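Working notes, beginning with the structure itself.
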Amino acid sequence: MQWRRNEETQSSLKKSIVKLDSAFIHYLIKELCLNTFYRTHFINKWTSSLHKRLLIILKSTTCDLIDYNWNERVYEMVREKCELDHALSWLSTLGGAFSALGDYFPSCAEIAGKISINQLKLALRLGDPTIAARCRLFLALSLIQKKRFHLARKIILNEFQKAKDAVVVDHRLLNMCRGIWAKLQYEHKVYIERKCKAKAAYEQV
């Protein structure tokens, strides 16, 4: 008996049928969640009478929701980053080879320095400060091989200070600075000793 009464009550309720676009429903629900004032008035509107119910029928959207222009832009950005990463990997391999030969051939040290500059340009384009710092240290290594110790010293100290003061300290970068600094000290010591020997030999003549 109670079940029949509930069924009669439900059948007697007035229905308000609203057909809405599927895309519009998305924004409607979002607005109801965010806007307290609008949500209150919406609820009051559709619950003001006990004999009123809201029935929403979804219709197929009439507009294309895919932003093809933005999709194309994102695709180009992703492809550009992939190509930059690929180029950076090749330059790292090539730069390492010339840097290894730079201790024996000045021309290789010169090429290694140019490769480091190109790597730095790519790192700045990628917006990666850690890679950019390493590229500057590679450049300092090339300068050491070319006996330009003063400029190399400034670069190493600058990168070490920035790495030490960073919010997230990269210990590998700090160790890299220490390693190149040790090479700077060794190469400078060897350079001074050779210079002194050459001077002494010249004076004897």
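Here, A, B, ... name the chains of the structure tokens in the order displayed, residue numbers run from 1 inside each chain, and ligands are numbered from 1 in the same displayed order.
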Query - Residues within 12 Å of Lys45 in chain A, only C-alpha atoms, excluding chain neighbours under 6 positions, as a list of chain:residue names - result: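 Contacts, with the query itself left out: A:Ser16, A:Tyr38, A:Arg39, A:Lys52, A:Arg53, A:Leu54.
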Output file for the selection above: C-alpha atoms, as a PDB file, in the first residue's frame:
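Wrote result39.pdb, looks like this:
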```
ATOM      1  CA  SER A  16      10.614  20.233 -16.138  1.00  0.00           C
ATOM      2  CA  TYR A  38      24.813  30.759  -8.347  1.00  0.00           C
ATOM      3  CA  ARG A  39      24.527  27.283  -6.803  1.00  0.00           C
ATOM      4  CA  LYS A  52       8.638  20.008  -9.561  1.00  0.00           C
ATOM      5  CA  ARG A  53      11.533  17.959 -10.853  1.00  0.00           C
ATOM      6  CA  LEU A  54      14.271  18.878 -13.268  1.00  0.00           C
TER       7      LEU A  54
END
```
Non-local contacts of Phe160 in chain A (7 Å; only C-alpha atoms; under 4 positions in same chain excluded) as an mmCIF file with N, CA and C atoms, in the first residue's frame:
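Result saved to out-v7.cif:
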```cif
data_model
loop_
_atom_site.group_PDB
_atom_site.id
_atom_site.type_symbol
_atom_site.label_atom_id
_atom_site.label_comp_id
_atom_site.auth_asym_id
_atom_site.auth_seq_id
_atom_site.Cartn_x
_atom_site.Cartn_y
_atom_site.Cartn_z
ATOM 1 N N ILE A 156 84.660 28.731 -13.399
ATOM 2 C CA ILE A 156 84.507 27.640 -12.422
ATOM 3 C C ILE A 156 84.003 28.177 -11.085
ATOM 4 N N LYS A 164 76.185 26.050 -5.345
ATOM 5 C CA LYS A 164 76.136 25.929 -3.887
ATOM 6 C C LYS A 164 74.971 26.712 -3.290
ATOM 7 N N LEU A 174 78.509 20.150 -8.233
ATOM 8 C CA LEU A 174 79.568 20.636 -7.338
ATOM 9 C C LEU A 174 80.837 19.800 -7.486
ATOM 10 N N CYS A 177 82.599 20.748 -10.606
ATOM 11 C CA CYS A 177 83.362 21.991 -10.414
ATOM 12 C C CYS A 177 84.685 21.708 -9.703
#
```
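One finds CA of Ala87 in chain A at 17.6 Å from CA of Leu139 in chain A.
A straight line drawn from CA of Ile155 in chain A to CA of Glu187 in chain A is 16.1 Å long.
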Requested in this report: Return the single residue from A:His26, A:Arg178, A:Lys147, A:Arg172 that is closest to Val190 in chain A, with distances computed using only C-alpha atoms.
Outcome: A:Lys147
Query raised in the report: DSSP says alpha helix (DSSP H) for which residues of range 53-187 of chain A? Put them as number ranges by chain?
Result: A: 68-101, 106-126, 129-145, 149-164, 171-187
